Amino acid sequence: MNKFFFRLLVLLMSLSLIGIIVVQVYWFNTSLKNNDEQFRFHVAQVIGNVSERIQKEEAYSFIDKYKKLKDSIGKDPERSDFLEFGYYQRNSKTNETIIYSNNIISEDFNLSSSLFDKKIDSIKLKSFSSKRTTEIYNNAKIDNSSIQHKIAPDVKIQKTGNMAILDNAQFEIFFKDIAAVKPIQERISTEKLNALLKFYLDEYDVKTPFEFGIYSNGLATKIKSEKFRYEKSNTSTIPIFTDNEGNNKYQLMVSFPEKKKFLFSELIGITVLSIIFTLIIIIAYSSALSQLIKQRQISEIKTDFINNMTHEFKTPIATINLALDAIKNPKVIDDHEKVKRYLQMIRDENKRMHAQVENVLRISKLEKRELEINKENNNVHDIIKEAIEHVNLIIEDRQGKIITHLDATRATALLNDVHFTNVIVNILDNAIKYSPNSPIIDLYTENVKDFIIIKIKDHGLGMSKIAQKRIFEKFYREHTGDIHNVKGHGLGLSYVKRIVEDHNAQIFVESEKGKGSTFIIKLPLIN
């Protein structure tokens, strides 16, 4: 995959993921807003129902009191005509005449409104009834004289009944005037209001703590819950106890301290699932992107490795070919010293190629857990000295030196002498290769609690912060312009780290570009 398509793929995947997250956030905000609107609607219904119920119950109480007082009076009420009206119709073809009359009669039981409230005593409470009469005259001429002489009608229908409309209108007017002068605590109690609110809130499935209060012209009254506090965002208001003029001085206020928690609780299930699925997508996306990047890096590193291996094999092969061609020369073949020297060169180059192959095979076996590492009690200082012997010739050839500071008083550890020697050799070999001038290497040991600390410090090229993080990765080599200016194929330190970890030890690197590097091994001792 070329860089353009790789970047395009990453961009599209990133935009898709961002789009999913934006849609999820939008959905959550919309759902929360819808829940809030639904909550406000239900609360408005609840407090409307409560307000209506309070006023109806107060009216019913008034009517009930009125009926009991009326029934307690034994005498008949005083009757008087309140209103009378009639209707006259005559059919000229059939000579049929219809006369309809309606008398509205008031009945006064002499119940003064002072029986309900001593502050109002100027209103008399009455009830109303109607008497309705329909008279039909056939083939008779009806006029005022006929009515006066009381001609009997052919058909006469009489009906009587209560005037509920007038009664209700009178009751409402009287009731509101009487109730308006009462203090609020005589019209509704805190306990009753709390019970009504709880009943209607449960009916509308609004199950969250609430506080309430009745205010009179903006001032708090005694009818309120203990923790009621007016908050504009969480409080719903409705007027109650409207008077005959349509005015009201009382407002019922209901607040919900845990409103947000309640709204969130209704979305918590689907929101948690949404978050989980989004996280799964993010993790899957991150993992896929990480794998893509790693695959690209591995591809680049493998290409780099092949180039390095090819280069490192080409040199010894060319040397071997030159040596063989020289031996075949008649002038050289008889010179035993030269033949011996060329054969030694062939042997050395062959050994070098063999070492490279062995290094690759060791790493492969380590990864497959096929490499057997038998550990025994060994002196770390002896291992260090043996490793130094392996690189002495190279150090001398480069006119450098290794300075040892073996200050650890306890140096016995459980380790494999061959592999741990290779660990020290690899680190020393790196220190030599990455020192542009004569390599000066300091090697320290010290004891820290039950550990021996080994430090190998050089004064070479050093490495960047990025290289320090990746230096122990297989095939990784830091680029320094010319890919082959330092020989190697990025396997040595990967092998080192695996062997160190197999010994239950740790390895770190400290480095600064241009000032050298320090490799630190922390190895547990035998108690």
# chains A, B, ... in the order shown; residues from 1 in each chain; ligands from 1
call {"tool": "residues_around", "arguments": {"residues": "Glu96 (chain A)", "least_positions_apart": "5", "cutoff": "6 Å", "atoms": "only C-alpha atoms", "output": "PyMOL selection string"}}
result
chain A and resi 90-91+137-138
call {"tool": "select_by_dssp", "arguments": {"residues": "region 225-367 of chain A", "states": "alpha helix (DSSP H)", "output": "CSV table (one decimal) with N, CA, C and O atoms, in the first residue's frame"}}
result
chain,number,residue,atom,x,y,z
A,259,LYS,N,-33.6,16.9,39.4
A,259,LYS,CA,-34.2,16.8,38.1
A,259,LYS,C,-33.2,16.3,37.1
A,259,LYS,O,-33.5,15.4,36.3
A,260,LYS,N,-32.0,16.8,37.1
A,260,LYS,CA,-31.0,16.4,36.1
A,260,LYS,C,-30.7,14.9,36.3
A,260,LYS,O,-30.5,14.1,35.3
A,261,LYS,N,-30.5,14.5,37.5
A,261,LYS,CA,-30.2,13.1,37.8
A,261,LYS,C,-31.4,12.2,37.3
A,261,LYS,O,-31.1,11.1,36.8
A,262,PHE,N,-32.6,12.6,37.5
A,262,PHE,CA,-33.8,11.9,37.0
A,262,PHE,C,-33.8,11.8,35.5
A,262,PHE,O,-34.0,10.7,35.0
A,263,LEU,N,-33.5,12.9,34.8
A,263,LEU,CA,-33.5,12.9,33.4
A,263,LEU,C,-32.4,12.0,32.8
A,263,LEU,O,-32.6,11.2,31.9
A,264,PHE,N,-31.2,12.0,33.5
A,264,PHE,CA,-30.1,11.2,33.1
A,264,PHE,C,-30.4,9.7,33.3
A,264,PHE,O,-30.0,8.8,32.6
A,265,SER,N,-31.1,9.4,34.4
A,265,SER,CA,-31.4,8.0,34.8
A,265,SER,C,-32.2,7.3,33.8
A,265,SER,O,-32.2,6.1,33.6
A,268,ILE,N,-29.7,6.3,31.1
A,268,ILE,CA,-28.5,5.7,31.5
A,268,ILE,C,-28.2,4.4,30.9
A,268,ILE,O,-27.1,4.1,30.4
A,269,GLY,N,-29.3,3.6,30.7
A,269,GLY,CA,-29.1,2.2,30.1
A,269,GLY,C,-28.6,2.3,28.7
A,269,GLY,O,-27.6,1.7,28.3
A,270,ILE,N,-29.4,3.0,27.8
A,270,ILE,CA,-29.0,3.1,26.4
A,270,ILE,C,-27.7,3.9,26.3
A,270,ILE,O,-26.9,3.6,25.3
A,271,THR,N,-27.5,4.9,27.2
A,271,THR,CA,-26.2,5.7,27.1
A,271,THR,C,-25.0,4.8,27.4
A,271,THR,O,-24.0,4.9,26.7
A,272,VAL,N,-25.1,4.0,28.4
A,272,VAL,CA,-24.0,3.1,28.8
A,272,VAL,C,-23.7,2.1,27.6
A,272,VAL,O,-22.5,1.9,27.3
A,273,LEU,N,-24.7,1.6,27.0
A,273,LEU,CA,-24.5,0.7,25.9
A,273,LEU,C,-23.9,1.4,24.7
A,273,LEU,O,-23.0,0.9,24.1
A,274,SER,N,-24.3,2.6,24.5
A,274,SER,CA,-23.8,3.5,23.4
A,274,SER,C,-22.3,3.7,23.7
A,274,SER,O,-21.5,3.6,22.7
A,275,ILE,N,-22.0,4.1,24.9
A,275,ILE,CA,-20.6,4.4,25.3
A,275,ILE,C,-19.7,3.1,25.1
A,275,ILE,O,-18.6,3.2,24.5
A,276,ILE,N,-20.2,2.0,25.5
A,276,ILE,CA,-19.5,0.7,25.4
A,276,ILE,C,-19.2,0.4,24.0
A,276,ILE,O,-18.1,0.1,23.6
A,277,PHE,N,-20.3,0.5,23.1
A,277,PHE,CA,-20.1,0.2,21.7
A,277,PHE,C,-19.1,1.2,21.0
A,277,PHE,O,-18.3,0.8,20.2
A,278,THR,N,-19.2,2.4,21.4
A,278,THR,CA,-18.3,3.5,20.9
A,278,THR,C,-16.9,3.2,21.3
A,278,THR,O,-15.9,3.3,20.5
A,279,LEU,N,-16.7,2.8,22.6
A,279,LEU,CA,-15.3,2.4,23.0
A,279,LEU,C,-14.8,1.2,22.3
A,279,LEU,O,-13.6,1.2,22.0
A,280,ILE,N,-15.7,0.2,22.0
A,280,ILE,CA,-15.2,-0.9,21.3
A,280,ILE,C,-14.8,-0.5,19.9
A,280,ILE,O,-13.7,-1.0,19.4
A,281,ILE,N,-15.5,0.4,19.3
A,281,ILE,CA,-15.2,0.9,17.9
A,281,ILE,C,-13.8,1.6,18.0
A,281,ILE,O,-13.0,1.4,17.1
A,282,ILE,N,-13.7,2.5,19.0
A,282,ILE,CA,-12.4,3.2,19.2
A,282,ILE,C,-11.2,2.3,19.4
A,282,ILE,O,-10.2,2.5,18.8
A,283,ILE,N,-11.4,1.3,20.3
A,283,ILE,CA,-10.3,0.3,20.5
A,283,ILE,C,-10.0,-0.5,19.3
A,283,ILE,O,-8.8,-0.7,19.0
A,284,ALA,N,-11.1,-0.9,18.6
A,284,ALA,CA,-10.8,-1.7,17.4
A,284,ALA,C,-10.1,-0.8,16.3
A,284,ALA,O,-9.2,-1.3,15.6
A,285,TYR,N,-10.6,0.4,16.2
A,285,TYR,CA,-10.0,1.4,15.3
A,285,TYR,C,-8.5,1.6,15.6
A,285,TYR,O,-7.6,1.5,14.7
A,286,SER,N,-8.3,1.9,16.9
A,286,SER,CA,-6.9,2.1,17.4
A,286,SER,C,-6.0,0.9,17.1
A,286,SER,O,-4.8,1.1,16.7
A,287,SER,N,-6.6,-0.3,17.4
A,287,SER,CA,-5.8,-1.5,17.2
A,287,SER,C,-5.5,-1.7,15.7
A,287,SER,O,-4.3,-2.0,15.4
A,288,ALA,N,-6.5,-1.5,14.9
A,288,ALA,CA,-6.3,-1.7,13.5
A,288,ALA,C,-5.3,-0.7,12.9
A,288,ALA,O,-4.4,-1.0,12.1
A,289,LEU,N,-5.4,0.6,13.4
A,289,LEU,CA,-4.5,1.6,12.9
A,289,LEU,C,-3.0,1.3,13.4
A,289,LEU,O,-2.1,1.4,12.7
A,290,SER,N,-3.0,0.8,14.7
A,290,SER,CA,-1.6,0.5,15.2
A,290,SER,C,-1.0,-0.7,14.4
A,290,SER,O,0.2,-0.7,14.1
A,291,GLN,N,-1.9,-1.7,14.1
A,291,GLN,CA,-1.4,-2.8,13.3
A,291,GLN,C,-0.9,-2.4,11.9
A,291,GLN,O,0.1,-2.9,11.4
A,292,LEU,N,-1.7,-1.5,11.3
A,292,LEU,CA,-1.3,-1.0,10.0
A,292,LEU,C,0.0,-0.3,10.0
A,292,LEU,O,0.9,-0.5,9.2
A,293,ILE,N,0.2,0.6,11.1
A,293,ILE,CA,1.5,1.3,11.2
A,293,ILE,C,2.6,0.4,11.5
A,293,ILE,O,3.7,0.5,10.9
A,294,LYS,N,2.3,-0.6,12.4
A,294,LYS,CA,3.4,-1.6,12.7
A,294,LYS,C,3.8,-2.4,11.4
A,294,LYS,O,5.0,-2.7,11.2
A,295,GLN,N,2.8,-2.8,10.7
A,295,GLN,CA,3.1,-3.5,9.4
A,295,GLN,C,3.9,-2.7,8.5
A,295,GLN,O,4.8,-3.3,7.9
A,296,ARG,N,3.6,-1.4,8.4
A,296,ARG,CA,4.4,-0.6,7.5
A,296,ARG,C,5.9,-0.5,8.1
A,296,ARG,O,6.8,-0.6,7.3
A,297,GLN,N,5.9,-0.3,9.4
A,297,GLN,CA,7.3,-0.2,10.0
A,297,GLN,C,8.1,-1.5,9.8
A,297,GLN,O,9.2,-1.5,9.5
A,298,ILE,N,7.4,-2.7,10.0
A,298,ILE,CA,8.0,-4.0,9.9
A,298,ILE,C,8.5,-4.2,8.4
A,298,ILE,O,9.6,-4.7,8.2
A,299,SER,N,7.6,-3.7,7.5
A,299,SER,CA,8.0,-3.8,6.1
A,299,SER,C,9.2,-3.0,5.8
A,299,SER,O,10.2,-3.5,5.1
A,300,GLU,N,9.3,-1.8,6.4
A,300,GLU,CA,10.4,-1.0,6.1
A,300,GLU,C,11.7,-1.5,6.8
A,300,GLU,O,12.8,-1.6,6.3
A,301,ILE,N,11.5,-2.0,8.1
A,301,ILE,CA,12.6,-2.6,8.8
A,301,ILE,C,13.1,-3.9,8.1
A,301,ILE,O,14.4,-4.1,8.1
A,302,LYS,N,12.2,-4.7,7.6
A,302,LYS,CA,12.7,-5.9,6.9
A,302,LYS,C,13.5,-5.6,5.7
A,302,LYS,O,14.5,-6.3,5.4
A,303,THR,N,13.0,-4.6,5.0
A,303,THR,CA,13.7,-4.1,3.8
A,303,THR,C,15.1,-3.7,4.2
A,303,THR,O,16.1,-4.0,3.5
A,304,ASP,N,15.1,-2.9,5.3
A,304,ASP,CA,16.4,-2.4,5.8
A,304,ASP,C,17.3,-3.6,6.2
A,304,ASP,O,18.5,-3.6,5.9
A,305,PHE,N,16.7,-4.6,6.9
A,305,PHE,CA,17.5,-5.8,7.3
A,305,PHE,C,18.0,-6.5,6.1
A,305,PHE,O,19.2,-7.0,6.2
A,306,ILE,N,17.2,-6.7,5.1
A,306,ILE,CA,17.7,-7.5,3.9
A,306,ILE,C,18.9,-6.7,3.3
A,306,ILE,O,19.9,-7.3,2.9
A,307,ASN,N,18.7,-5.4,3.2
A,307,ASN,CA,19.8,-4.6,2.6
A,307,ASN,C,21.1,-4.7,3.4
A,307,ASN,O,22.2,-4.9,2.8
A,308,ASN,N,20.9,-4.7,4.7
A,308,ASN,CA,22.1,-4.8,5.6
A,308,ASN,C,22.8,-6.2,5.5
A,308,ASN,O,24.0,-6.3,5.4
A,309,MET,N,21.9,-7.2,5.6
A,309,MET,CA,22.4,-8.6,5.5
A,309,MET,C,23.1,-8.8,4.2
A,309,MET,O,24.2,-9.5,4.1
A,310,THR,N,22.5,-8.3,3.1
A,310,THR,CA,23.1,-8.5,1.8
A,310,THR,C,24.5,-7.8,1.7
A,310,THR,O,25.4,-8.4,1.2
A,311,HIS,N,24.5,-6.6,2.3
A,311,HIS,CA,25.8,-5.9,2.3
A,311,HIS,C,26.8,-6.6,3.1
A,311,HIS,O,28.0,-6.7,2.7
A,312,GLU,N,26.4,-7.1,4.3
A,312,GLU,CA,27.4,-7.8,5.2
A,312,GLU,C,27.8,-9.1,4.6
A,312,GLU,O,28.9,-9.6,4.9
A,313,PHE,N,27.0,-9.8,3.8
A,313,PHE,CA,27.4,-11.1,3.2
A,313,PHE,C,28.2,-10.8,2.0
A,313,PHE,O,29.1,-11.7,1.6
A,314,LYS,N,28.0,-9.7,1.3
A,314,LYS,CA,28.7,-9.5,0.0
A,314,LYS,C,30.2,-9.3,0.3
A,314,LYS,O,31.0,-9.8,-0.4
A,315,THR,N,30.5,-8.6,1.4
A,315,THR,CA,31.9,-8.3,1.7
A,315,THR,C,32.7,-9.6,2.0
A,315,THR,O,33.8,-9.8,1.3
A,316,PRO,N,32.3,-10.4,2.9
A,316,PRO,CA,33.0,-11.7,3.1
A,316,PRO,C,33.1,-12.6,1.9
A,316,PRO,O,34.1,-13.2,1.6
A,317,ILE,N,32.0,-12.6,1.1
A,317,ILE,CA,32.0,-13.5,-0.1
A,317,ILE,C,33.0,-13.0,-1.1
A,317,ILE,O,33.7,-13.8,-1.7
A,318,ALA,N,33.0,-11.6,-1.3
A,318,ALA,CA,34.0,-11.1,-2.2
A,318,ALA,C,35.4,-11.3,-1.7
A,318,ALA,O,36.3,-11.6,-2.5
A,319,THR,N,35.6,-11.2,-0.4
A,319,THR,CA,36.9,-11.5,0.1
A,319,THR,C,37.3,-12.9,-0.1
A,319,THR,O,38.5,-13.2,-0.5
A,320,ILE,N,36.4,-13.9,0.1
A,320,ILE,CA,36.7,-15.3,-0.1
A,320,ILE,C,37.0,-15.6,-1.5
A,320,ILE,O,38.0,-16.3,-1.9
A,321,ASN,N,36.2,-14.9,-2.5
A,321,ASN,CA,36.5,-15.1,-3.9
A,321,ASN,C,37.9,-14.6,-4.3
A,321,ASN,O,38.6,-15.2,-5.1
A,322,LEU,N,38.2,-13.4,-3.7
A,322,LEU,CA,39.5,-12.8,-4.0
A,322,LEU,C,40.7,-13.7,-3.5
A,322,LEU,O,41.7,-13.9,-4.2
A,323,ALA,N,40.4,-14.3,-2.3
A,323,ALA,CA,41.5,-15.1,-1.7
A,323,ALA,C,41.6,-16.4,-2.5
A,323,ALA,O,42.8,-16.9,-2.7
A,324,LEU,N,40.5,-17.0,-3.0
A,324,LEU,CA,40.6,-18.2,-3.8
A,324,LEU,C,41.3,-17.9,-5.1
A,324,LEU,O,42.1,-18.7,-5.6
A,325,ASP,N,40.9,-16.8,-5.7
A,325,ASP,CA,41.6,-16.4,-7.0
A,325,ASP,C,43.1,-16.3,-6.8
A,325,ASP,O,43.9,-16.6,-7.6
A,326,ALA,N,43.5,-15.7,-5.6
A,326,ALA,CA,44.9,-15.4,-5.3
A,326,ALA,C,45.6,-16.8,-5.2
A,326,ALA,O,46.8,-17.0,-5.6
A,327,ILE,N,44.9,-17.7,-4.5
A,327,ILE,CA,45.6,-19.0,-4.2
A,327,ILE,C,45.8,-19.8,-5.5
A,327,ILE,O,46.8,-20.5,-5.7
A,328,LYS,N,44.8,-19.6,-6.5
A,328,LYS,CA,45.0,-20.3,-7.7
A,328,LYS,C,46.1,-19.7,-8.6
A,328,LYS,O,46.5,-20.3,-9.6
A,330,PRO,N,49.6,-19.2,-9.9
A,330,PRO,CA,50.8,-20.1,-9.8
A,330,PRO,C,51.9,-19.5,-9.0
A,330,PRO,O,52.6,-20.2,-8.3
A,331,LYS,N,52.0,-18.1,-9.0
A,331,LYS,CA,53.0,-17.5,-8.2
A,331,LYS,C,52.8,-17.6,-6.7
A,331,LYS,O,53.7,-17.5,-5.9
A,332,VAL,N,51.5,-17.7,-6.3
A,332,VAL,CA,51.1,-17.7,-4.9
A,332,VAL,C,51.0,-19.1,-4.4
A,332,VAL,O,51.4,-19.4,-3.2
A,333,ILE,N,50.5,-20.1,-5.2
A,333,ILE,CA,50.3,-21.4,-4.8
A,333,ILE,C,51.5,-22.1,-4.2
A,333,ILE,O,51.4,-23.0,-3.3
A,336,HIS,N,53.9,-21.0,0.6
A,336,HIS,CA,53.0,-21.6,1.7
A,336,HIS,C,52.5,-20.5,2.7
A,336,HIS,O,51.4,-20.6,3.2
A,337,GLU,N,53.4,-19.5,2.9
A,337,GLU,CA,53.0,-18.5,3.9
A,337,GLU,C,51.8,-17.7,3.4
A,337,GLU,O,50.8,-17.4,4.1
A,338,LYS,N,51.8,-17.3,2.1
A,338,LYS,CA,50.7,-16.6,1.5
A,338,LYS,C,49.4,-17.4,1.4
A,338,LYS,O,48.3,-17.0,1.7
A,339,VAL,N,49.6,-18.7,1.0
A,339,VAL,CA,48.4,-19.6,1.0
A,339,VAL,C,47.8,-19.7,2.4
A,339,VAL,O,46.6,-19.7,2.5
A,340,LYS,N,48.7,-19.9,3.4
A,340,LYS,CA,48.2,-20.0,4.7
A,340,LYS,C,47.4,-18.8,5.2
A,340,LYS,O,46.4,-18.8,5.8
A,341,ARG,N,48.0,-17.6,4.8
A,341,ARG,CA,47.3,-16.3,5.1
A,341,ARG,C,46.0,-16.2,4.4
A,341,ARG,O,45.0,-15.8,5.1
A,342,TYR,N,45.9,-16.6,3.1
A,342,TYR,CA,44.6,-16.5,2.4
A,342,TYR,C,43.6,-17.5,3.0
A,342,TYR,O,42.4,-17.2,3.0
A,343,LEU,N,44.1,-18.7,3.3
A,343,LEU,CA,43.2,-19.6,3.9
A,343,LEU,C,42.6,-19.1,5.2
A,343,LEU,O,41.4,-19.4,5.6
A,344,GLN,N,43.5,-18.5,6.0
A,344,GLN,CA,43.0,-17.9,7.3
A,344,GLN,C,42.0,-16.8,7.1
A,344,GLN,O,41.0,-16.7,7.8
A,345,MET,N,42.2,-16.0,6.0
A,345,MET,CA,41.2,-15.0,5.6
A,345,MET,C,39.8,-15.7,5.3
A,345,MET,O,38.8,-15.2,5.7
A,346,ILE,N,39.9,-16.7,4.5
A,346,ILE,CA,38.7,-17.5,4.1
A,346,ILE,C,38.0,-18.0,5.3
A,346,ILE,O,36.8,-17.9,5.5
A,347,ARG,N,38.8,-18.6,6.2
A,347,ARG,CA,38.2,-19.1,7.5
A,347,ARG,C,37.6,-18.0,8.3
A,347,ARG,O,36.5,-18.2,8.8
A,348,ASP,N,38.2,-16.9,8.5
A,348,ASP,CA,37.7,-15.7,9.3
A,348,ASP,C,36.4,-15.2,8.7
A,348,ASP,O,35.4,-15.0,9.4
A,349,GLU,N,36.4,-15.1,7.3
A,349,GLU,CA,35.2,-14.5,6.7
A,349,GLU,C,34.0,-15.5,6.8
A,349,GLU,O,32.8,-15.1,7.0
A,350,ASN,N,34.4,-16.8,6.7
A,350,ASN,CA,33.3,-17.8,6.8
A,350,ASN,C,32.8,-17.8,8.2
A,350,ASN,O,31.6,-18.0,8.4
A,351,LYS,N,33.7,-17.7,9.2
A,351,LYS,CA,33.3,-17.6,10.6
A,351,LYS,C,32.3,-16.4,10.8
A,351,LYS,O,31.4,-16.5,11.6
A,352,ARG,N,32.7,-15.3,10.2
A,352,ARG,CA,31.9,-14.1,10.3
A,352,ARG,C,30.5,-14.3,9.8
A,352,ARG,O,29.5,-13.9,10.5
A,353,MET,N,30.4,-14.9,8.6
A,353,MET,CA,29.0,-15.2,8.1
A,353,MET,C,28.3,-16.2,8.9
A,353,MET,O,27.0,-16.0,9.1
A,354,HIS,N,29.0,-17.2,9.5
A,354,HIS,CA,28.4,-18.2,10.3
A,354,HIS,C,27.8,-17.5,11.6
A,354,HIS,O,26.7,-17.8,12.0
A,355,ALA,N,28.5,-16.5,12.1
A,355,ALA,CA,28.1,-15.8,13.3
A,355,ALA,C,26.8,-15.0,13.0
A,355,ALA,O,25.9,-15.0,13.9
A,356,GLN,N,26.7,-14.4,11.8
A,356,GLN,CA,25.5,-13.6,11.5
A,356,GLN,C,24.3,-14.6,11.4
A,356,GLN,O,23.3,-14.3,11.9
A,357,VAL,N,24.5,-15.7,10.8
A,357,VAL,CA,23.4,-16.7,10.7
A,357,VAL,C,23.0,-17.2,12.0
A,357,VAL,O,21.8,-17.3,12.3
A,358,GLU,N,24.0,-17.5,12.9
A,358,GLU,CA,23.7,-18.0,14.2
A,358,GLU,C,22.9,-16.9,15.0
A,358,GLU,O,22.0,-17.3,15.8
A,359,ASN,N,23.2,-15.7,14.8
A,359,ASN,CA,22.5,-14.6,15.5
A,359,ASN,C,21.0,-14.6,15.2
A,359,ASN,O,20.1,-14.5,16.0
A,360,VAL,N,20.8,-14.7,13.9
A,360,VAL,CA,19.4,-14.7,13.4
A,360,VAL,C,18.6,-15.9,13.9
A,360,VAL,O,17.5,-15.8,14.4
A,361,LEU,N,19.3,-17.1,13.9
A,361,LEU,CA,18.7,-18.3,14.4
A,361,LEU,C,18.4,-18.3,15.9
A,361,LEU,O,17.4,-18.8,16.4
A,362,ARG,N,19.3,-17.6,16.6
A,362,ARG,CA,19.1,-17.5,18.1
A,362,ARG,C,17.9,-16.7,18.4
A,362,ARG,O,17.1,-17.1,19.3
A,363,ILE,N,17.7,-15.6,17.7
A,363,ILE,CA,16.5,-14.8,17.9
A,363,ILE,C,15.2,-15.5,17.5
A,363,ILE,O,14.2,-15.5,18.2
A,364,SER,N,15.3,-16.3,16.4
A,364,SER,CA,14.1,-17.1,16.0
A,364,SER,C,13.8,-18.1,17.1
A,364,SER,O,12.6,-18.3,17.4
A,365,LYS,N,14.8,-18.8,17.6
A,365,LYS,CA,14.5,-19.8,18.7
A,365,LYS,C,14.0,-19.2,19.9
A,365,LYS,O,13.2,-19.8,20.6
A,366,LEU,N,14.5,-18.0,20.3
A,366,LEU,CA,14.0,-17.3,21.5
A,366,LEU,C,12.5,-17.0,21.3
A,366,LEU,O,11.8,-17.2,22.3
A,367,GLU,N,12.1,-16.5,20.2
A,367,GLU,CA,10.7,-16.2,19.9
A,367,GLU,C,9.8,-17.4,20.0
A,367,GLU,O,8.7,-17.3,20.5
call {"tool": "residues_around", "arguments": {"residues": "Phe39 (chain A)", "least_positions_apart": "6", "cutoff": "12 Å", "atoms": "only C-alpha atoms", "output": "number ranges by chain"}}
result
A: 31-33, 45-46, 201, 204-208, 234-236, 256, 259-260, 262-264, 266
call {"tool": "select_by_dssp", "arguments": {"residues": "region 259-412 of chain A", "states": "strand (DSSP E)", "output": "PyMOL selection string"}}
result
chain A and resi 376-379+401-406+412
call {"tool": "closest_residue", "arguments": {"among": "A:Tyr200, A:Tyr215, A:Phe451, A:Phe4", "to": "Asn527 (chain A)", "atoms": "only C-alpha atoms"}}
result
A:Phe451
call {"tool": "closest_residue", "arguments": {"among": "A:Leu415, A:Pro183, A:Leu443, A:Val423", "to": "Ile403 (chain A)", "atoms": "only C-alpha atoms"}}
result
A:Leu443
call {"tool": "closest_residue", "arguments": {"among": "A:Ile507, A:Asp202, A:Gly400, A:Arg229", "to": "Lys433 (chain A)", "atoms": "only C-alpha atoms"}}
result
A:Gly400
call {"tool": "closest_residue", "arguments": {"among": "A:Leu493, A:Ala44, A:Leu523, A:Ile456", "to": "Ser511 (chain A)", "atoms": "only C-alpha atoms"}}
result
A:Ile456
call {"tool": "residues_around", "arguments": {"residues": "Leu414 (chain A)", "least_positions_apart": "6", "cutoff": "9 Å", "atoms": "only C-alpha atoms", "output": "mmCIF file with N, CA and C atoms, in the first residue's frame"}}
result
data_model
loop_
_atom_site.group_PDB
_atom_site.id
_atom_site.type_symbol
_atom_site.label_atom_id
_atom_site.label_comp_id
_atom_site.auth_asym_id
_atom_site.auth_seq_id
_atom_site.Cartn_x
_atom_site.Cartn_y
_atom_site.Cartn_z
ATOM 1 N N LYS A 375 20.624 -22.383 33.713
ATOM 2 C CA LYS A 375 21.289 -21.400 34.566
ATOM 3 C C LYS A 375 21.990 -22.094 35.726
ATOM 4 N N GLU A 376 23.132 -21.524 36.083
ATOM 5 C CA GLU A 376 23.911 -22.028 37.219
ATOM 6 C C GLU A 376 24.460 -20.837 37.999
ATOM 7 N N ASN A 377 24.967 -21.121 39.200
ATOM 8 C CA ASN A 377 25.608 -20.058 39.982
ATOM 9 C C ASN A 377 26.896 -19.621 39.289
ATOM 10 N N ASN A 378 26.971 -18.349 38.963
ATOM 11 C CA ASN A 378 28.151 -17.816 38.286
ATOM 12 C C ASN A 378 28.503 -16.458 38.869
ATOM 13 N N ASN A 379 29.804 -16.165 38.807
ATOM 14 C CA ASN A 379 30.276 -14.866 39.264
ATOM 15 C C ASN A 379 30.163 -13.876 38.103
ATOM 16 N N HIS A 503 16.462 -13.979 32.457
ATOM 17 C CA HIS A 503 17.187 -14.109 33.728
ATOM 18 C C HIS A 503 16.510 -13.315 34.851
ATOM 19 N N PRO A 524 19.168 -9.833 39.626
ATOM 20 C CA PRO A 524 18.999 -10.303 41.012
ATOM 21 C C PRO A 524 20.142 -11.226 41.438
ATOM 22 N N LEU A 525 20.569 -11.095 42.691
ATOM 23 C CA LEU A 525 21.659 -11.919 43.255
ATOM 24 C C LEU A 525 21.090 -13.145 43.951
ATOM 25 N N ILE A 526 21.947 -14.110 44.211
ATOM 26 C CA ILE A 526 21.559 -15.287 45.000
ATOM 27 C C ILE A 526 21.799 -14.946 46.464
#
call {"tool": "atom_distance", "arguments": {"atom1": "CA of Thr237 (chain A)", "atom2": "CA of Glu58 (chain A)"}}
result
20.4 Å
call {"tool": "decode", "arguments": {"residues": "region 282-287 of chain A", "atoms": "N, CA, C and O atoms", "output": "mmCIF file, in the first residue's frame"}}
result
data_model
loop_
_atom_site.group_PDB
_atom_site.id
_atom_site.type_symbol
_atom_site.label_atom_id
_atom_site.label_comp_id
_atom_site.auth_asym_id
_atom_site.auth_seq_id
_atom_site.Cartn_x
_atom_site.Cartn_y
_atom_site.Cartn_z
ATOM 1 N N ILE A 282 -13.680 2.458 19.042
ATOM 2 C CA ILE A 282 -12.431 3.228 19.184
ATOM 3 C C ILE A 282 -11.238 2.297 19.387
ATOM 4 O O ILE A 282 -10.185 2.460 18.771
ATOM 5 N N ILE A 283 -11.434 1.286 20.273
ATOM 6 C CA ILE A 283 -10.341 0.327 20.545
ATOM 7 C C ILE A 283 -10.003 -0.465 19.288
ATOM 8 O O ILE A 283 -8.830 -0.654 18.956
ATOM 9 N N ALA A 284 -11.073 -0.921 18.595
ATOM 10 C CA ALA A 284 -10.843 -1.684 17.355
ATOM 11 C C ALA A 284 -10.139 -0.820 16.311
ATOM 12 O O ALA A 284 -9.214 -1.275 15.629
ATOM 13 N N TYR A 285 -10.570 0.435 16.217
ATOM 14 C CA TYR A 285 -9.956 1.357 15.255
ATOM 15 C C TYR A 285 -8.491 1.608 15.614
ATOM 16 O O TYR A 285 -7.606 1.547 14.748
ATOM 17 N N SER A 286 -8.253 1.884 16.917
ATOM 18 C CA SER A 286 -6.874 2.140 17.367
ATOM 19 C C SER A 286 -5.983 0.935 17.122
ATOM 20 O O SER A 286 -4.840 1.059 16.678
ATOM 21 N N SER A 287 -6.550 -0.263 17.432
ATOM 22 C CA SER A 287 -5.779 -1.491 17.231
ATOM 23 C C SER A 287 -5.476 -1.704 15.749
ATOM 24 O O SER A 287 -4.341 -2.032 15.384
#
